[in-house]
Amino acid sequence: MSNDTLTITDNRTGETYEVPISDETIRAMDLRQIKVQQDDFGMMTYDPGFANTASCKSRITFIDGEKGILEYRGYPIEQLAEQSSFLEVAYLVIFGELPTPDQLAHWEQRIMRHTYIHENLTHMLKTFRYDAHPMGILVSAIASMSTLHPESKQVHDQDIRLKQIYRILGKLPTVAAFAYRHRIGRPYNYPNSTLGYTGNFLYMLDYMGQSNYEVNPVLAHALDVLFILDADHEQNCSASAMRGVGSSEADPYSSMAGAAAALYGPLHGGANEAVLRMLGEIGSVSNIPAYIERVKNREVRLMGFGHRVYKNYDPRARIIKKIAYDVFEATEINPLIDIALELERIALSDDYFISHKLYPNVDFYSGIIYQAMGFPVDMFPVLFALGRAPGWLAQWVEMLDDPEQRIARPRQIYLGERGRQYIPVDQR
Ligand code: CMC
């Protein structure tokens, strides 16, 4: 008997089954043979939130949550944040290798050639209400882009697929910047591809006709690093949404609208916005102990703390904390940093947080940096989406090229009524 198997005894029947183990995993379908009666459906697994279910095999991002390790395609996040650029990391995440100088130049040039958006989309953005949440605008804009690029439905055509990747990475900052300008009632700035990826983004956000306008290099670099930290995070809620929608062979814009919508929620990419609101609500260092008590009484959650995978420090949070001070030198210090640092200090020495393995995650500091850079809080998840876009695309490409993948379609345990007889409304 091979050792790489799991022997299961069904105590209902006394039957024993042997199922293969590979990569420390058994296939859920191997449990289906476990039945009491021949015509039973067969054994399933129940896993709300997919806490212990692998839905794919992936070669993109490695996380060791116990040790606090994050690697994209095998490269540690610390090295990429320190030495690489966002577009290079996007190439790495999507194609699996670091680009040669020629590949990188071509990649950057192709993406920066696709920064202009269709004028119809610009008009559509103008129709949103003045106070529309920019994330709602972004989700709608991404979905609407499928109508402007209908050939994108040919998801198995490699050239068409690559073209959409250039378009998405090129156009997302433009949509995000227009959503922001719309929110503050300022005219849109059309892209300037000579300024680099994050430089152009800052320009579209800020430019107001100054003759001496220059992109602040410290802020452009900080944004680039923040985008690198967000670039992928394996099978998180939005990546799963991208794969889930994409598994029906929907075009990448529709799939990415689904992913961006998943990111919008406060338990995922909306968390950095929620952290800022929480720090504002706490208001001062002296109010922290009372707030911690409320967390321990389960009245509120400490936003920016905890993670499904990291049960040690989130390595991205460590890098982000350093960037905060670079940004504060270029802007001015965000007074919320004092509340955040003290909150972190108290939480990390408190039994509740230690026993629950709750540490600051990437969102704990990113919002403070974004606020210091002048972004309104409702832009935070939009910034997260720009950073995460390469990861969504990489997950989507990997899913489409994986012969084992099928349309995402979980099972359920049905607990509802059966076989009821319809009663006409006048007799109820
Ligand atoms: N504050 C207080 N208690 C918490 C927190 C928190 N932030 N997070 C988890 N817990 C407790 C929770 O009450 C539970 O306690 P018990 O076992 O005694 O009932 C235990 O820890 C496990 O919590 P869970 O909700 O089962 O954990 P999860 O893996 O399902 O949730 C999470 C992960 C990130 C949604 C959660 O930690 C959370 O809500 N954090 C706050 C929101 C946040 O910062 N999200 C950003 C995540 S990182 C960026 C991203 O991926 O988008």
# chains A, B, ... in the order shown; residues from 1 in each chain; ligands from 1
>>> residues_around(residues="Gln395 (chain A)", least_positions_apart="4", cutoff="7 Å", atoms="only C-alpha atoms", output="list of chain:residue names")
A:Ala239, A:Arg243, A:Gly391, A:Met399
>>> residues_near_ligand(ligand="ligand 1", cutoff="8 Å", atoms="only C-alpha atoms and all ligand atoms", output="PyMOL selection string")
chain A and resi 49+51+233+236-237+263+266-272+274-275+295-296+298+300-309+353+356-358+360-364
>>> write_last_selection(atoms="N, CA and C atoms", output="compact mmCIF listing (two decimals), in the first residue's frame")
# COMPACT_ATOMS: atom_id res chain seq x y z
N GLY A 49 -16.90 29.82 3.36
CA GLY A 49 -15.75 30.74 3.27
C GLY A 49 -14.50 30.07 2.74
N ALA A 51 -12.40 27.97 3.92
CA ALA A 51 -11.26 28.14 4.82
C ALA A 51 -10.23 27.04 4.66
N HIS A 233 -2.40 38.48 -4.03
CA HIS A 233 -2.42 37.88 -2.71
C HIS A 233 -3.16 36.55 -2.77
N ASN A 236 -7.59 35.37 -2.59
CA ASN A 236 -8.41 36.24 -1.73
C ASN A 236 -9.80 36.40 -2.36
N CYS A 237 -10.65 37.13 -1.66
CA CYS A 237 -12.06 37.22 -2.08
C CYS A 237 -12.18 37.75 -3.52
N LEU A 263 -13.79 43.48 -4.01
CA LEU A 263 -12.79 44.25 -3.27
C LEU A 263 -13.41 45.40 -2.47
N PRO A 266 -16.00 46.18 3.11
CA PRO A 266 -15.12 46.61 4.21
C PRO A 266 -14.26 45.49 4.80
N LEU A 267 -14.62 44.21 4.55
CA LEU A 267 -13.77 43.15 5.09
C LEU A 267 -12.61 42.85 4.16
N HIS A 268 -12.61 43.47 2.99
CA HIS A 268 -11.53 43.22 2.02
C HIS A 268 -10.89 44.57 1.69
N GLY A 269 -11.00 45.03 0.44
CA GLY A 269 -10.29 46.25 0.07
C GLY A 269 -10.88 47.51 0.66
N GLY A 270 -12.09 47.41 1.19
CA GLY A 270 -12.68 48.58 1.84
C GLY A 270 -12.13 48.78 3.25
N ALA A 271 -11.24 47.85 3.68
CA ALA A 271 -10.78 47.91 5.08
C ALA A 271 -9.93 49.15 5.35
N ASN A 272 -9.13 49.59 4.36
CA ASN A 272 -8.28 50.76 4.64
C ASN A 272 -9.14 52.02 4.87
N ALA A 274 -12.14 51.80 6.15
CA ALA A 274 -12.73 51.56 7.46
C ALA A 274 -11.74 51.87 8.58
N VAL A 275 -10.45 51.63 8.34
CA VAL A 275 -9.43 51.92 9.36
C VAL A 275 -9.41 53.42 9.65
N VAL A 295 -13.72 46.36 21.48
CA VAL A 295 -13.33 45.28 20.55
C VAL A 295 -13.42 43.94 21.28
N LYS A 296 -12.86 43.92 22.50
CA LYS A 296 -12.84 42.65 23.25
C LYS A 296 -14.25 42.21 23.64
N ARG A 298 -16.61 42.47 21.71
CA ARG A 298 -17.17 42.14 20.38
C ARG A 298 -18.23 43.12 19.91
N VAL A 300 -17.27 45.95 18.36
CA VAL A 300 -16.69 46.41 17.09
C VAL A 300 -15.47 45.55 16.79
N ARG A 301 -15.05 45.59 15.53
CA ARG A 301 -13.81 44.91 15.15
C ARG A 301 -12.71 45.95 15.05
N LEU A 302 -11.50 45.55 15.33
CA LEU A 302 -10.37 46.46 15.13
C LEU A 302 -10.00 46.37 13.65
N MET A 303 -10.43 47.36 12.89
CA MET A 303 -10.21 47.30 11.45
C MET A 303 -8.71 47.42 11.16
N GLY A 304 -8.28 46.70 10.11
CA GLY A 304 -6.85 46.69 9.79
C GLY A 304 -6.08 45.67 10.61
N PHE A 305 -6.80 44.90 11.41
CA PHE A 305 -6.19 43.82 12.18
C PHE A 305 -6.80 42.50 11.75
N GLY A 306 -5.98 41.45 11.81
CA GLY A 306 -6.48 40.11 11.52
C GLY A 306 -6.37 39.79 10.04
N HIS A 307 -6.24 38.53 9.76
CA HIS A 307 -6.16 38.08 8.38
C HIS A 307 -6.46 36.60 8.34
N ARG A 308 -7.15 36.19 7.29
CA ARG A 308 -7.47 34.76 7.15
C ARG A 308 -6.20 33.92 7.07
N VAL A 309 -5.18 34.43 6.43
CA VAL A 309 -3.98 33.62 6.18
C VAL A 309 -2.84 33.96 7.15
N PHE A 353 -5.68 39.84 21.62
CA PHE A 353 -5.13 39.91 20.26
C PHE A 353 -4.04 38.85 20.06
N HIS A 356 -5.78 35.44 19.74
CA HIS A 356 -6.49 35.31 18.46
C HIS A 356 -5.56 35.49 17.27
N LYS A 357 -4.27 35.66 17.55
CA LYS A 357 -3.26 35.88 16.48
C LYS A 357 -3.67 37.01 15.55
N LEU A 358 -4.02 38.13 16.15
CA LEU A 358 -4.46 39.29 15.36
C LEU A 358 -3.32 40.31 15.31
N PRO A 360 -1.50 43.68 12.74
CA PRO A 360 -1.88 44.65 11.70
C PRO A 360 -1.72 44.03 10.32
N ASN A 361 -2.66 44.29 9.45
CA ASN A 361 -2.53 43.83 8.07
C ASN A 361 -2.19 45.02 7.18
N VAL A 362 -2.09 44.77 5.88
CA VAL A 362 -1.63 45.79 4.94
C VAL A 362 -2.46 47.07 5.01
N ASP A 363 -3.73 46.91 5.36
CA ASP A 363 -4.62 48.07 5.33
C ASP A 363 -4.49 48.96 6.55
N PHE A 364 -3.80 48.49 7.58
CA PHE A 364 -3.75 49.29 8.80
C PHE A 364 -3.02 50.63 8.56
>>> residues_around(residues="Gln79 (chain A)", least_positions_apart="3", cutoff="12 Å", atoms="only C-alpha atoms", output="JSON list (two decimals) with all heavy atoms, in the first residue's frame")
[["chain", "number", "residue", "atom", "x", "y", "z"],
["A", 70, "LEU", "N", 5.64, 36.36, 2.12],
["A", 70, "LEU", "CA", 4.87, 36.60, 0.89],
["A", 70, "LEU", "C", 5.86, 36.66, -0.27],
["A", 70, "LEU", "O", 6.84, 37.42, -0.22],
["A", 70, "LEU", "CB", 4.10, 37.93, 1.00],
["A", 70, "LEU", "CG", 3.45, 38.47, -0.28],
["A", 70, "LEU", "CD1", 2.40, 37.50, -0.82],
["A", 70, "LEU", "CD2", 2.81, 39.84, -0.02],
["A", 71, "GLU", "N", 5.63, 35.84, -1.28],
["A", 71, "GLU", "CA", 6.49, 35.85, -2.48],
["A", 71, "GLU", "C", 5.63, 35.89, -3.73],
["A", 71, "GLU", "O", 4.62, 35.17, -3.79],
["A", 71, "GLU", "CB", 7.35, 34.57, -2.54],
["A", 71, "GLU", "CG", 8.37, 34.46, -1.44],
["A", 71, "GLU", "CD", 9.06, 33.09, -1.40],
["A", 71, "GLU", "OE1", 8.73, 32.21, -2.23],
["A", 71, "GLU", "OE2", 9.91, 32.89, -0.53],
["A", 72, "TYR", "N", 6.02, 36.72, -4.70],
["A", 72, "TYR", "CA", 5.39, 36.67, -6.02],
["A", 72, "TYR", "C", 6.31, 35.86, -6.93],
["A", 72, "TYR", "O", 7.48, 36.23, -7.10],
["A", 72, "TYR", "CB", 5.24, 38.06, -6.65],
["A", 72, "TYR", "CG", 4.39, 39.06, -5.90],
["A", 72, "TYR", "CD1", 4.61, 40.42, -6.07],
["A", 72, "TYR", "CD2", 3.34, 38.66, -5.07],
["A", 72, "TYR", "CE1", 3.82, 41.37, -5.42],
["A", 72, "TYR", "CE2", 2.56, 39.61, -4.41],
["A", 72, "TYR", "CZ", 2.81, 40.95, -4.59],
["A", 72, "TYR", "OH", 2.04, 41.89, -3.95],
["A", 74, "GLY", "N", 7.96, 33.41, -6.47],
["A", 74, "GLY", "CA", 9.17, 32.98, -5.77],
["A", 74, "GLY", "C", 10.06, 34.11, -5.28],
["A", 74, "GLY", "O", 11.02, 33.87, -4.55],
["A", 75, "TYR", "N", 9.77, 35.36, -5.66],
["A", 75, "TYR", "CA", 10.60, 36.49, -5.21],
["A", 75, "TYR", "C", 9.98, 37.12, -3.96],
["A", 75, "TYR", "O", 8.78, 37.45, -3.97],
["A", 75, "TYR", "CB", 10.70, 37.57, -6.30],
["A", 75, "TYR", "CG", 11.44, 37.11, -7.53],
["A", 75, "TYR", "CD1", 10.75, 36.63, -8.65],
["A", 75, "TYR", "CD2", 12.84, 37.14, -7.58],
["A", 75, "TYR", "CE1", 11.43, 36.19, -9.78],
["A", 75, "TYR", "CE2", 13.52, 36.69, -8.71],
["A", 75, "TYR", "CZ", 12.83, 36.22, -9.80],
["A", 75, "TYR", "OH", 13.48, 35.79, -10.91],
["A", 76, "PRO", "N", 10.80, 37.30, -2.89],
["A", 76, "PRO", "CA", 10.24, 37.88, -1.65],
["A", 76, "PRO", "C", 9.72, 39.29, -1.86],
["A", 76, "PRO", "O", 10.35, 40.10, -2.57],
["A", 76, "PRO", "CB", 11.45, 37.91, -0.69],
["A", 76, "PRO", "CG", 12.51, 37.09, -1.33],
["A", 76, "PRO", "CD", 12.23, 37.00, -2.79],
["A", 82, "GLU", "N", 11.62, 46.89, -2.58],
["A", 82, "GLU", "CA", 12.83, 47.71, -2.47],
["A", 82, "GLU", "C", 13.45, 47.99, -3.84],
["A", 82, "GLU", "O", 13.90, 49.10, -4.11],
["A", 82, "GLU", "CB", 13.83, 46.92, -1.59],
["A", 82, "GLU", "CG", 15.17, 47.56, -1.34],
["A", 82, "GLU", "CD", 15.16, 48.45, -0.11],
["A", 82, "GLU", "OE1", 14.33, 48.24, 0.77],
["A", 82, "GLU", "OE2", 16.00, 49.38, -0.09],
["A", 83, "GLN", "N", 13.44, 46.98, -4.73],
["A", 83, "GLN", "CA", 14.27, 47.09, -5.94],
["A", 83, "GLN", "C", 13.51, 47.15, -7.25],
["A", 83, "GLN", "O", 14.08, 47.50, -8.27],
["A", 83, "GLN", "CB", 15.24, 45.90, -6.00],
["A", 83, "GLN", "CG", 16.21, 45.85, -4.83],
["A", 83, "GLN", "CD", 17.05, 44.59, -4.86],
["A", 83, "GLN", "OE1", 17.67, 44.29, -5.86],
["A", 83, "GLN", "NE2", 17.04, 43.84, -3.78],
["A", 84, "SER", "N", 12.25, 46.75, -7.25],
["A", 84, "SER", "CA", 11.55, 46.63, -8.53],
["A", 84, "SER", "C", 10.62, 47.84, -8.74],
["A", 84, "SER", "O", 10.66, 48.81, -7.99],
["A", 84, "SER", "CB", 10.75, 45.32, -8.53],
["A", 84, "SER", "OG", 10.20, 45.09, -9.79],
["A", 85, "SER", "N", 9.84, 47.78, -9.81],
["A", 85, "SER", "CA", 8.83, 48.82, -10.03],
["A", 85, "SER", "C", 7.49, 48.11, -10.21],
["A", 85, "SER", "O", 7.45, 46.91, -10.49],
["A", 85, "SER", "CB", 9.15, 49.61, -11.31],
["A", 85, "SER", "OG", 8.96, 48.76, -12.43],
["A", 89, "VAL", "N", 6.78, 44.38, -11.67],
["A", 89, "VAL", "CA", 6.12, 43.36, -10.85],
["A", 89, "VAL", "C", 4.86, 42.84, -11.56],
["A", 89, "VAL", "O", 4.55, 41.65, -11.53],
["A", 89, "VAL", "CB", 5.80, 43.93, -9.44],
["A", 89, "VAL", "CG1", 4.83, 43.03, -8.69],
["A", 89, "VAL", "CG2", 7.08, 44.10, -8.65],
["A", 225, "VAL", "N", 5.36, 51.66, -4.73],
["A", 225, "VAL", "CA", 5.62, 50.58, -3.77],
["A", 225, "VAL", "C", 4.31, 50.05, -3.20],
["A", 225, "VAL", "O", 4.12, 48.83, -3.07],
["A", 225, "VAL", "CB", 6.56, 51.06, -2.63],
["A", 225, "VAL", "CG1", 6.78, 49.94, -1.61],
["A", 225, "VAL", "CG2", 7.89, 51.52, -3.20],
["A", 228, "ILE", "N", 2.87, 47.74, -5.58],
["A", 228, "ILE", "CA", 3.60, 46.45, -5.59],
["A", 228, "ILE", "C", 3.07, 45.56, -4.46],
["A", 228, "ILE", "O", 2.81, 44.38, -4.64],
["A", 228, "ILE", "CB", 5.12, 46.66, -5.43],
["A", 228, "ILE", "CG1", 5.71, 47.32, -6.68],
["A", 228, "ILE", "CG2", 5.84, 45.34, -5.13],
["A", 228, "ILE", "CD1", 7.18, 47.71, -6.57],
["A", 229, "LEU", "N", 2.89, 46.17, -3.29],
["A", 229, "LEU", "CA", 2.44, 45.38, -2.13],
["A", 229, "LEU", "C", 1.04, 44.81, -2.34],
["A", 229, "LEU", "O", 0.68, 43.78, -1.77],
["A", 229, "LEU", "CB", 2.45, 46.23, -0.85],
["A", 229, "LEU", "CG", 3.78, 46.83, -0.44],
["A", 229, "LEU", "CD1", 3.64, 47.59, 0.88],
["A", 229, "LEU", "CD2", 4.86, 45.76, -0.30],
["A", 315, "PRO", "N", 3.72, 40.75, 6.28],
["A", 315, "PRO", "CA", 4.99, 41.37, 5.87],
["A", 315, "PRO", "C", 4.77, 42.69, 5.13],
["A", 315, "PRO", "O", 5.63, 43.57, 5.13],
["A", 315, "PRO", "CB", 5.61, 40.33, 4.94],
["A", 315, "PRO", "CG", 4.50, 39.44, 4.52],
["A", 315, "PRO", "CD", 3.50, 39.45, 5.63],
["A", 316, "ARG", "N", 3.61, 42.84, 4.50],
["A", 316, "ARG", "CA", 3.33, 44.08, 3.78],
["A", 316, "ARG", "C", 3.15, 45.25, 4.75],
["A", 316, "ARG", "O", 3.51, 46.38, 4.46],
["A", 316, "ARG", "CB", 2.06, 43.91, 2.92],
["A", 316, "ARG", "CG", 2.17, 42.78, 1.93],
["A", 316, "ARG", "CD", 0.82, 42.42, 1.34],
["A", 316, "ARG", "NE", -0.15, 42.02, 2.33],
["A", 316, "ARG", "CZ", -1.44, 41.80, 2.09],
["A", 316, "ARG", "NH1", -1.90, 41.96, 0.87],
["A", 316, "ARG", "NH2", -2.26, 41.43, 3.05],
["A", 319, "ILE", "N", 6.53, 46.78, 5.63],
["A", 319, "ILE", "CA", 7.11, 47.64, 4.58],
["A", 319, "ILE", "C", 6.36, 48.98, 4.54],
["A", 319, "ILE", "O", 6.95, 50.05, 4.44],
["A", 319, "ILE", "CB", 7.03, 46.93, 3.20],
["A", 319, "ILE", "CG1", 7.82, 45.62, 3.24],
["A", 319, "ILE", "CG2", 7.55, 47.82, 2.09],
["A", 319, "ILE", "CD1", 7.57, 44.69, 2.06]]
>>> residues_around(residues="Ile368 (chain A)", least_positions_apart="2", cutoff="7 Å", atoms="only C-alpha atoms", output="ChimeraX atom specification")
/A:276,334,336-337,365-366,370-372
>>> write_last_selection(atoms="C-alpha atoms", output="short mmCIF file (atom, residue, chain, number, x, y, z; two decimals), in the first residue's frame")
data_model
loop_
_atom_site.label_atom_id
_atom_site.label_comp_id
_atom_site.auth_asym_id
_atom_site.auth_seq_id
_atom_site.Cartn_x
_atom_site.Cartn_y
_atom_site.Cartn_z
CA LEU A 276 -9.39 55.66 8.76
CA ASN A 334 -0.78 62.62 9.51
CA LEU A 336 -3.67 59.74 12.99
CA ILE A 337 -0.30 57.96 12.92
CA TYR A 365 -1.16 51.81 7.54
CA SER A 366 -2.01 52.21 3.86
CA TYR A 370 -3.07 57.74 1.32
CA GLN A 371 -4.68 60.38 3.51
CA ALA A 372 -1.34 62.16 3.99
#
>>> closest_residue(among="A:Tyr188, A:Asn200, A:Arg32, A:Arg294", to="His123 (chain A)", atoms="only C-alpha atoms")
A:Tyr188
>>> closest_residue(among="A:Ile77, A:Ile69, A:Ile168, A:Ile333", to="Asn312 (chain A)", atoms="only C-alpha atoms")
A:Ile69
>>> residues_around(residues="Glu404 (chain A)", least_positions_apart="4", cutoff="10 Å", atoms="only C-alpha atoms", output="list of chain:residue names")
A:Cys56, A:Lys57, A:Met399, A:Leu400
>>> select_by_dssp(residues="region 214-425 of chain A", states="helix (DSSP H, G or I)", output="ChimeraX atom specification")
/A:217-230,237-246,252-264,271-282,285-296,315-330,336-348,351-355,362-372,377-401,425
>>> residues_around(residues="His114 (chain A)", least_positions_apart="4", cutoff="7 Å", atoms="only C-alpha atoms", output="list in words")
Arg110, Tyr166, Arg167, Gly170 and Lys171 of chain A
>>> residues_around(residues="Pro217 (chain A)", least_positions_apart="4", cutoff="10 Å", atoms="only C-alpha atoms", output="ChimeraX atom specification")
/A:198-199,221-223,330
>>> write_last_selection(atoms="all heavy atoms", output="PDB file, in the first residue's frame")
ATOM      1  N   THR A 198       2.854  55.705 -12.205  1.00  0.00           N
ATOM      2  CA  THR A 198       2.254  56.392 -11.051  1.00  0.00           C
ATOM      3  C   THR A 198       2.390  57.915 -11.197  1.00  0.00           C
ATOM      4  O   THR A 198       1.548  58.666 -10.701  1.00  0.00           O
ATOM      5  CB  THR A 198       2.876  55.923  -9.721  1.00  0.00           C
ATOM      6  OG1 THR A 198       4.300  55.922  -9.855  1.00  0.00           O
ATOM      7  CG2 THR A 198       2.404  54.534  -9.358  1.00  0.00           C
ATOM      8  N   GLY A 199       3.450  58.364 -11.897  1.00  0.00           N
ATOM      9  CA  GLY A 199       3.608  59.806 -12.142  1.00  0.00           C
ATOM     10  C   GLY A 199       2.439  60.339 -12.955  1.00  0.00           C
ATOM     11  O   GLY A 199       1.848  61.378 -12.634  1.00  0.00           O
ATOM     12  N   HIS A 221       6.933  57.438  -6.086  1.00  0.00           N
ATOM     13  CA  HIS A 221       7.622  56.202  -5.675  1.00  0.00           C
ATOM     14  C   HIS A 221       6.812  55.474  -4.592  1.00  0.00           C
ATOM     15  O   HIS A 221       6.655  54.253  -4.639  1.00  0.00           O
ATOM     16  CB  HIS A 221       9.027  56.529  -5.170  1.00  0.00           C
ATOM     17  CG  HIS A 221       9.746  55.319  -4.641  1.00  0.00           C
ATOM     18  ND1 HIS A 221      10.174  54.296  -5.469  1.00  0.00           N
ATOM     19  CD2 HIS A 221      10.046  54.928  -3.379  1.00  0.00           C
ATOM     20  CE1 HIS A 221      10.731  53.353  -4.731  1.00  0.00           C
ATOM     21  NE2 HIS A 221      10.654  53.706  -3.461  1.00  0.00           N
ATOM     22  N   ALA A 222       6.300  56.247  -3.619  1.00  0.00           N
ATOM     23  CA  ALA A 222       5.523  55.618  -2.531  1.00  0.00           C
ATOM     24  C   ALA A 222       4.310  54.886  -3.114  1.00  0.00           C
ATOM     25  O   ALA A 222       4.009  53.743  -2.736  1.00  0.00           O
ATOM     26  CB  ALA A 222       5.069  56.673  -1.529  1.00  0.00           C
ATOM     27  N   LEU A 223       3.648  55.517  -4.062  1.00  0.00           N
ATOM     28  CA  LEU A 223       2.468  54.897  -4.678  1.00  0.00           C
ATOM     29  C   LEU A 223       2.878  53.629  -5.434  1.00  0.00           C
ATOM     30  O   LEU A 223       2.179  52.606  -5.388  1.00  0.00           O
ATOM     31  CB  LEU A 223       1.839  55.908  -5.646  1.00  0.00           C
ATOM     32  CG  LEU A 223       0.364  55.790  -5.943  1.00  0.00           C
ATOM     33  CD1 LEU A 223      -0.467  55.705  -4.685  1.00  0.00           C
ATOM     34  CD2 LEU A 223      -0.082  57.010  -6.775  1.00  0.00           C
ATOM     35  N   ALA A 330       7.545  64.296   2.725  1.00  0.00           N
ATOM     36  CA  ALA A 330       7.192  65.043   1.509  1.00  0.00           C
ATOM     37  C   ALA A 330       5.886  65.816   1.678  1.00  0.00           C
ATOM     38  O   ALA A 330       5.613  66.760   0.944  1.00  0.00           O
ATOM     39  CB  ALA A 330       7.062  64.075   0.334  1.00  0.00           C
TER      40      ALA A 330
END
>>> decode(residues="region 254-271 of chain A", atoms="N, CA and C atoms", output="PDB file, in the first residue's frame")
ATOM      1  N   SER A 254     -15.797  42.114 -17.641  1.00  0.00           N
ATOM      2  CA  SER A 254     -16.915  41.680 -16.784  1.00  0.00           C
ATOM      3  C   SER A 254     -16.376  40.933 -15.573  1.00  0.00           C
ATOM      4  N   SER A 255     -15.363  40.102 -15.814  1.00  0.00           N
ATOM      5  CA  SER A 255     -14.793  39.343 -14.691  1.00  0.00           C
ATOM      6  C   SER A 255     -14.160  40.300 -13.690  1.00  0.00           C
ATOM      7  N   MET A 256     -13.453  41.309 -14.220  1.00  0.00           N
ATOM      8  CA  MET A 256     -12.754  42.227 -13.316  1.00  0.00           C
ATOM      9  C   MET A 256     -13.738  43.157 -12.598  1.00  0.00           C
ATOM     10  N   ALA A 257     -14.865  43.452 -13.225  1.00  0.00           N
ATOM     11  CA  ALA A 257     -15.883  44.242 -12.514  1.00  0.00           C
ATOM     12  C   ALA A 257     -16.339  43.448 -11.292  1.00  0.00           C
ATOM     13  N   GLY A 258     -16.480  42.119 -11.459  1.00  0.00           N
ATOM     14  CA  GLY A 258     -16.851  41.254 -10.329  1.00  0.00           C
ATOM     15  C   GLY A 258     -15.779  41.277  -9.246  1.00  0.00           C
ATOM     16  N   ALA A 259     -14.520  41.226  -9.688  1.00  0.00           N
ATOM     17  CA  ALA A 259     -13.416  41.231  -8.718  1.00  0.00           C
ATOM     18  C   ALA A 259     -13.383  42.566  -7.967  1.00  0.00           C
ATOM     19  N   ALA A 260     -13.544  43.663  -8.715  1.00  0.00           N
ATOM     20  CA  ALA A 260     -13.499  44.988  -8.077  1.00  0.00           C
ATOM     21  C   ALA A 260     -14.667  45.145  -7.106  1.00  0.00           C
ATOM     22  N   ALA A 261     -15.822  44.596  -7.467  1.00  0.00           N
ATOM     23  CA  ALA A 261     -16.980  44.668  -6.566  1.00  0.00           C
ATOM     24  C   ALA A 261     -16.687  43.905  -5.278  1.00  0.00           C
ATOM     25  N   ALA A 262     -16.020  42.756  -5.413  1.00  0.00           N
ATOM     26  CA  ALA A 262     -15.669  41.971  -4.221  1.00  0.00           C
ATOM     27  C   ALA A 262     -14.681  42.746  -3.345  1.00  0.00           C
ATOM     28  N   LEU A 263     -13.794  43.484  -4.013  1.00  0.00           N
ATOM     29  CA  LEU A 263     -12.790  44.255  -3.265  1.00  0.00           C
ATOM     30  C   LEU A 263     -13.409  45.402  -2.473  1.00  0.00           C
ATOM     31  N   TYR A 264     -14.550  45.872  -2.943  1.00  0.00           N
ATOM     32  CA  TYR A 264     -15.199  47.069  -2.390  1.00  0.00           C
ATOM     33  C   TYR A 264     -15.606  46.889  -0.917  1.00  0.00           C
ATOM     34  N   GLY A 265     -15.913  45.663  -0.521  1.00  0.00           N
ATOM     35  CA  GLY A 265     -16.477  45.431   0.818  1.00  0.00           C
ATOM     36  C   GLY A 265     -15.487  45.765   1.934  1.00  0.00           C
ATOM     37  N   PRO A 266     -15.997  46.181   3.112  1.00  0.00           N
ATOM     38  CA  PRO A 266     -15.116  46.605   4.207  1.00  0.00           C
ATOM     39  C   PRO A 266     -14.261  45.486   4.802  1.00  0.00           C
ATOM     40  N   LEU A 267     -14.617  44.215   4.552  1.00  0.00           N
ATOM     41  CA  LEU A 267     -13.767  43.147   5.094  1.00  0.00           C
ATOM     42  C   LEU A 267     -12.608  42.847   4.161  1.00  0.00           C
ATOM     43  N   HIS A 268     -12.606  43.475   2.986  1.00  0.00           N
ATOM     44  CA  HIS A 268     -11.526  43.218   2.016  1.00  0.00           C
ATOM     45  C   HIS A 268     -10.887  44.569   1.689  1.00  0.00           C
ATOM     46  N   GLY A 269     -10.997  45.029   0.442  1.00  0.00           N
ATOM     47  CA  GLY A 269     -10.287  46.254   0.067  1.00  0.00           C
ATOM     48  C   GLY A 269     -10.878  47.515   0.658  1.00  0.00           C
ATOM     49  N   GLY A 270     -12.093  47.411   1.190  1.00  0.00           N
ATOM     50  CA  GLY A 270     -12.681  48.576   1.840  1.00  0.00           C
ATOM     51  C   GLY A 270     -12.132  48.775   3.246  1.00  0.00           C
ATOM     52  N   ALA A 271     -11.235  47.849   3.682  1.00  0.00           N
ATOM     53  CA  ALA A 271     -10.777  47.912   5.076  1.00  0.00           C
ATOM     54  C   ALA A 271      -9.929  49.147   5.351  1.00  0.00           C
TER      55      ALA A 271
END
